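Data first, discussion second: the structure below is written as C-alpha cells.
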Amino acid sequence: MSEAVQMKSTYRVIARDGAAKSALFTTVHGEVKTPVFMNVATAAAIKGGVSSADLEGIGTQIALCNTYHLRLRPGDDIVYRMGGVRAFMDWHKPVLTDSGGFQVFSLSERRRITEQGVEFRSHIDGRKLFMGPEESMRIQSHLGSTIAMAFDECPPALAERDYVQASVDRTTRWLFRCIRELQRLNGLSGTVNPDQLLFGINQGAVYDDIRIEHAKRIAALDLPGYAIGGLAVGETHAQMYQVLEQTVPHLPAEKPVYLMGVGTPENILEGVRRGVDFFDCVYPSRNGRHGHVYTAYGKLNLMNRRFATDERPPEEGCPCPACRRHSRAYIHHLFKAGELLGKRLAVLHNLCFYNRLMSEIREAIAEGAYDRYADRRIAEMHAGESEQTLA
RNA sequence: GUGACCGUGGCAGAAAUGGCUUAUGCGCCGGAUUGUGGUUCCGGAUUAUGCGGGUUCGAGUCCCGUCGGCCACC
C-alpha cells in the first residue's frame with residue numbers, strides 16, 4: 001500500500017519567509033493562492049443569505065461543503081444528477097468537501113464507531129446512516145468537489161492517550177481504503193470530477209509523538225495535500241501552536257497543509273507562521289449571523305447598544321458591499337428588528353475581512369516581512385479589544 | 001344611571017384555602033460559539049401587585065373608599 005498516488009494538481013511555492021509560505025495550488029477547477037481561507041458552505045450555501053455571486057464579489061477563492069450534510073439533504077444522488085455541487089450552486093471555482101469526519105466528533109451523541117465505519121442517527125429525522133471510508137468517497141465523488149477529504153475520526157482534545165492511539169491507527173487504515181476507493185471512482189465513466197483530489201488528515205490530539213509518527217506515515221503516501229485535524233476542539237491555543245510546530249515539519253514541504261476548522265484571525269496568523277496553507281472556520285459566518293463583525297481592531301458586536309447611532313461603516317476602509325454603503329447604526333437596527341439583511345451584510349463583511357486578511361498575508365510573505373506583519377496585526381487586534389473594554 | 005368583572009415590571013402572564021426576598025415568557029443589557037445539529041446556548045438587570053385606608057402576627061389574595069378599564073342592562 002505504498003504506491004504513489006497520481007492526481008492532477010500542482011503546488012508551486014512562490015515565496016517562503018521562515019516557516020510561512022505562499023504558494024500557487026493548481027487544480028482542474030482553477031488556481032488557489034495560499035495561504036487561503038475557505039468560505040464555509042456546509043449545505044452548499046453560505047449561511048446567512050450570501051450567494052455564489054456574492055462570493056465572487058469579495059474575492060473568495062474556494063468554498064467548503066460537507067459530505068454528511070449533503071448526503072442527508074438533498075442527497076448526493078440529487079446533487080450528482082444536477083451535475084455536482086459546483087454546478088448545483090453555480091460556483092465555478094474550486095470546492096473542498098469535508099468527509100463527515102468532523103461529524104463523528106460534533107455528533108458524538110448520535111453515532112457508533114466500528115472498524116468498518118460510523119453509524120449515524122440523522123439529526124434531521126433520526127434515520128440511520130452508515131458512513132465508512134468507501135461511503136464517504138462515493139458521496140464526495142457524486143458531489144464532484146475539487147478536493148475530497150479522507151474519512152477520519154476527530155477525537156476530542158481531552159481524549160486519553162490509548163484511545164487516541166487506537167483512533168489514529170484506525171484513521172490510517174481508513175485512509176488506505178479512501179485512496180483505493182477514490183482511485184476506483186475516478187476511473188469510472190460518468191464521474192463528475194474524474195480528477196478529484198484526496199487530502200489525508202493527520203490526527204493525534206495533543207500527543208506530539210503520535211502526531212509525528214502519523215504525519216510520517218501518511219506523508220509517505222504522496223497525496224496532493226495534507227490536513228491537520230483534531231485541533232480547536234478543546235485544547236489551548238498554546239497546545240494547538242505546539243502541535244503545529246511539531247507536526248508540520250513532518251508533512252511534505254512540497255504539498256499544501258490544511259489546518260482544519262481554524263479559526264480566529266489570530267489563530268490564522270499564527271498558523272501561517274508555522275507553515276499552514278489552507279484554513280476554514282465557521283466563525284465569520286456564524287459570528288456574522290449573530291451580529292459580530294471583524295475589524296482590524298478586534299471584533300464588534302453590532303447588537304450592542306453603543307452602535308445604535310454609530311454612523312461609521314462596520315470597518316472603515318473595507319470595500320465590501322456592507323461597508324461601502326451602510327452604517328453600524330443601520331445594521332444594528334436590522335439585527336434588532338430581526339431583518340434578514342442584517343445577517344447577510346454582517347456575514348458578507350466578515351468573509352470579505354477574512355479574504356482580505358489572507359491576501360495581505362500573502363503579500364507580507366512575498367515581501368519577506370511576515371513576522372513583523374503578523375505581530376502588528378495581532379497587537380492591533382488586542383489594542384482594539386482593550387479600547388472597547390474601557391469604553 | 002344600575003349591576004358584574006378586572007387593575008401585578010416596558011409588554012404578556014402565573015402565584016392552592018391569606019404564609020418566607022412574586023414566577024415564567026417576550027423585550028432590554030452583556031457574554032459564548034473554531035473541518036456549522038446555532039432563528040442557538042449562557043449570564044444579568046428592572047427599585048412590578050392602580051391609589052388611599054382598614055382587618056390580621058402576616059394581604060397580590062379579605063373589607064371600605066377612590067381612580068381607571070371592560071362587559072351587560074337601562
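Here's how to read the names in the C-alpha cells: chain A, B, ... by the order shown, residue numbers from 1 in each chain, ligand numbers from 1 in the order shown.
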Could you find all residues in range 228-385 of chain A that DSSP calls helix (DSSP H, G or I) from the backbone, and write them as a PyMOL selection string?
chain A and resi 237-250+265-273+283-289+305-307+321-325+328-336+340-366+370-385
Taking only C-alpha atoms (C1' of nucleotides) into account, find every residue of chain B that has an atom no more than 12 Å from chain A, and write it out as number ranges by chain.
B: 27-40
Within 10 Å of range 9-13 of chain B, counting only C-alpha atoms (C1' of nucleotides), which residues qualify if same-chain residues fewer than 5 places away don't, as a ChimeraX atom specification?
/B:23-28,46-48
Selection file, C-alpha atoms (C1' of nucleotides), as a short mmCIF file (atom, residue, chain, number, x, y, z; two decimals), in the first residue's frame:
data_model
loop_
_atom_site.label_atom_id
_atom_site.label_comp_id
_atom_site.auth_asym_id
_atom_site.auth_seq_id
_atom_site.Cartn_x
_atom_site.Cartn_y
_atom_site.Cartn_z
"C1'" A B 23 -42.63 33.02 38.95
"C1'" U B 24 -42.30 32.41 33.63
"C1'" G B 25 -42.11 34.21 28.51
"C1'" C B 26 -41.09 38.34 25.33
"C1'" G B 27 -38.38 42.73 25.27
"C1'" C B 28 -33.89 45.08 27.38
"C1'" U B 46 -35.66 46.17 36.13
"C1'" U B 47 -36.45 49.62 42.71
"C1'" A B 48 -43.75 45.32 39.35
#
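In terms of minimum interatomic distance to G53 in chain B, B:U66 ranks closest within B:U21, B:C6, B:C73, B:U66, counting only C-alpha atoms (C1' of nucleotides).
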Per DSSP on the backbone, what are the strand (DSSP E) residues of range 192-314 of chain A, as a list of chain:residue names?
A:Leu197, A:Leu198, A:Phe199, A:Gly200, A:Ile201, A:Asn202, A:Gly225, A:Tyr226, A:Ala227, A:Ile228, A:Val257, A:Tyr258, A:Leu259, A:Phe278, A:Phe279, A:Asp280, A:His292, A:Val293, A:Tyr294, A:Thr295, A:Gly298, A:Lys299, A:Leu300, A:Asn301
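Atom pair CA of Lys21 in chain A / CA of Cys320 in chain A: separated by 26.9 Å.
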Neighbour list for His292 in chain A as an NGL selection string, cut-off 10 Å, only C-alpha atoms (C1' of nucleotides), skip fewer than 6 positions in-chain
:A and (283-286 or 299-304 or 314 or 343 or 346-347 or 350)
With all heavy atoms retained, write the just-selected residues as a compact mmCIF listing (two decimals), in the first residue's frame.
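The result, written out as again-v2.txt:
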# COMPACT_ATOMS: atom_id res chain seq x y z
N TYR A 283 -16.47 30.66 12.01
CA TYR A 283 -16.56 31.93 12.72
C TYR A 283 -17.10 33.11 11.90
O TYR A 283 -18.03 33.77 12.34
CB TYR A 283 -15.20 32.30 13.32
CG TYR A 283 -14.98 31.74 14.71
CD1 TYR A 283 -13.69 31.63 15.22
CD2 TYR A 283 -16.03 31.36 15.52
CE1 TYR A 283 -13.45 31.13 16.49
CE2 TYR A 283 -15.80 30.86 16.80
CZ TYR A 283 -14.52 30.75 17.29
OH TYR A 283 -14.29 30.27 18.54
N PRO A 284 -16.52 33.41 10.74
CA PRO A 284 -17.01 34.60 10.06
C PRO A 284 -18.51 34.52 9.72
O PRO A 284 -19.21 35.53 9.85
CB PRO A 284 -16.15 34.68 8.80
CG PRO A 284 -15.44 33.38 8.70
CD PRO A 284 -15.39 32.79 10.05
N SER A 285 -18.97 33.35 9.34
CA SER A 285 -20.39 33.25 9.01
C SER A 285 -21.26 33.14 10.26
O SER A 285 -22.26 33.84 10.39
CB SER A 285 -20.65 32.09 8.05
OG SER A 285 -20.03 30.91 8.52
N ARG A 286 -20.87 32.31 11.18
CA ARG A 286 -21.70 32.16 12.38
C ARG A 286 -21.71 33.45 13.20
O ARG A 286 -22.75 33.93 13.63
CB ARG A 286 -21.21 31.00 13.24
CG ARG A 286 -22.03 30.82 14.50
CD ARG A 286 -21.49 29.71 15.37
NE ARG A 286 -21.69 28.41 14.76
CZ ARG A 286 -21.15 27.28 15.23
NH1 ARG A 286 -20.36 27.33 16.29
NH2 ARG A 286 -21.38 26.13 14.65
N LYS A 299 -13.14 42.44 17.27
CA LYS A 299 -14.48 42.05 16.85
C LYS A 299 -15.49 42.97 17.55
O LYS A 299 -15.37 43.27 18.72
CB LYS A 299 -14.69 40.60 17.30
CG LYS A 299 -15.87 39.90 16.73
CD LYS A 299 -15.67 38.36 16.83
CE LYS A 299 -15.39 37.87 18.24
NZ LYS A 299 -16.56 37.36 18.93
N LEU A 300 -16.49 43.42 16.78
CA LEU A 300 -17.55 44.26 17.35
C LEU A 300 -18.85 43.49 17.38
O LEU A 300 -19.18 42.80 16.42
CB LEU A 300 -17.75 45.51 16.48
CG LEU A 300 -16.52 46.37 16.15
CD1 LEU A 300 -16.94 47.51 15.24
CD2 LEU A 300 -15.88 46.90 17.43
N ASN A 301 -19.60 43.64 18.45
CA ASN A 301 -20.94 43.06 18.49
C ASN A 301 -21.92 44.17 18.16
O ASN A 301 -22.28 44.97 19.02
CB ASN A 301 -21.22 42.48 19.89
CG ASN A 301 -22.60 41.84 19.96
OD1 ASN A 301 -23.36 41.93 18.99
ND2 ASN A 301 -22.90 41.19 21.06
N LEU A 302 -22.37 44.18 16.90
CA LEU A 302 -23.22 45.28 16.44
C LEU A 302 -24.58 45.30 17.12
O LEU A 302 -25.33 46.26 16.99
CB LEU A 302 -23.40 45.22 14.92
CG LEU A 302 -22.16 45.56 14.09
CD1 LEU A 302 -22.50 45.59 12.61
CD2 LEU A 302 -21.55 46.88 14.51
N MET A 303 -24.89 44.25 17.85
CA MET A 303 -26.15 44.24 18.62
C MET A 303 -26.03 45.17 19.82
O MET A 303 -27.04 45.58 20.38
CB MET A 303 -26.44 42.83 19.13
CG MET A 303 -26.68 41.82 18.04
SD MET A 303 -28.40 41.77 17.60
CE MET A 303 -28.98 40.55 18.77
N ASN A 304 -24.80 45.47 20.22
CA ASN A 304 -24.62 46.31 21.41
C ASN A 304 -25.19 47.70 21.19
O ASN A 304 -25.06 48.29 20.12
CB ASN A 304 -23.15 46.41 21.79
CG ASN A 304 -22.61 45.09 22.34
OD1 ASN A 304 -23.36 44.13 22.48
ND2 ASN A 304 -21.34 45.04 22.65
N PRO A 314 -19.17 49.22 9.22
CA PRO A 314 -18.66 48.18 10.13
C PRO A 314 -17.15 48.29 10.30
O PRO A 314 -16.66 48.31 11.42
CB PRO A 314 -19.06 46.89 9.43
CG PRO A 314 -20.34 47.24 8.74
CD PRO A 314 -20.16 48.67 8.27
N LYS A 343 -28.07 40.04 8.88
CA LYS A 343 -27.19 38.86 8.87
C LYS A 343 -26.38 38.81 7.58
O LYS A 343 -25.18 38.55 7.60
CB LYS A 343 -28.02 37.58 8.99
CG LYS A 343 -28.69 37.43 10.34
CD LYS A 343 -29.48 36.13 10.40
CE LYS A 343 -30.49 36.23 11.51
NZ LYS A 343 -30.43 35.17 12.48
N ALA A 346 -23.59 41.37 7.57
CA ALA A 346 -22.52 41.07 8.53
C ALA A 346 -21.68 39.88 8.04
O ALA A 346 -20.45 39.89 8.14
CB ALA A 346 -23.12 40.78 9.90
N VAL A 347 -22.33 38.86 7.51
CA VAL A 347 -21.59 37.69 7.01
C VAL A 347 -20.73 38.08 5.81
O VAL A 347 -19.55 37.71 5.72
CB VAL A 347 -22.56 36.54 6.63
CG1 VAL A 347 -21.80 35.41 5.94
CG2 VAL A 347 -23.28 36.02 7.88
N ASN A 350 -17.73 39.89 7.05
CA ASN A 350 -16.76 39.03 7.72
C ASN A 350 -15.97 38.17 6.74
O ASN A 350 -14.76 37.99 6.88
CB ASN A 350 -17.47 38.13 8.74
CG ASN A 350 -17.86 38.89 9.99
OD1 ASN A 350 -17.40 40.01 10.22
ND2 ASN A 350 -18.73 38.29 10.81
Which residues come within 9 Å of range 133-136 of chain A, counting only C-alpha atoms (C1' of nucleotides), excluding same-chain residues fewer than 2 positions away, as a ChimeraX atom specification?
/A:67-68,99-100,116-117,130-131,138-141,149-152,174-182
Counting only C-alpha atoms (C1' of nucleotides), what is within 7 Å of Val243 in chain A, bar same-chain residues fewer than 4 positions away, as a PDB file with N, CA and C atoms, in the first residue's frame?
ATOM      1  N   VAL A 206      -3.237  16.002  21.315  1.00  0.00           N
ATOM      2  CA  VAL A 206      -2.099  16.857  21.696  1.00  0.00           C
ATOM      3  C   VAL A 206      -0.866  16.015  22.027  1.00  0.00           C
ATOM      4  N   ASP A 208       2.351  14.786  20.854  1.00  0.00           N
ATOM      5  CA  ASP A 208       3.292  15.106  19.776  1.00  0.00           C
ATOM      6  C   ASP A 208       3.827  13.853  19.076  1.00  0.00           C
ATOM      7  N   GLN A 239      -1.269  24.854  23.090  1.00  0.00           N
ATOM      8  CA  GLN A 239      -1.162  23.446  22.680  1.00  0.00           C
ATOM      9  C   GLN A 239      -1.329  23.306  21.170  1.00  0.00           C
ATOM     10  N   THR A 247       4.365  19.073  14.135  1.00  0.00           N
ATOM     11  CA  THR A 247       3.825  18.204  13.090  1.00  0.00           C
ATOM     12  C   THR A 247       4.132  18.669  11.672  1.00  0.00           C
TER      13      THR A 247
END
If we count only C-alpha atoms (C1' of nucleotides), what is near Leu345 in chain A at a cut-off of 12 Å, once residues fewer than 3 positions away on the same chain are taken out, given as JSON, numbers by chain?
{"A": [47, 48, 49, 50, 51, 54, 284, 285, 287, 288, 289, 290, 291, 292, 293, 302, 313, 314, 320, 321, 322, 323, 324, 325, 326, 327, 328, 330, 331, 332, 334, 335, 339, 340, 341, 342, 348, 349, 350, 351, 352]}
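Using only C-alpha atoms, the shortest contact distance between Glu270 in chain A and any of A:Leu72, A:Leu96, A:Val257, A:Ala19 is found at A:Ala19.
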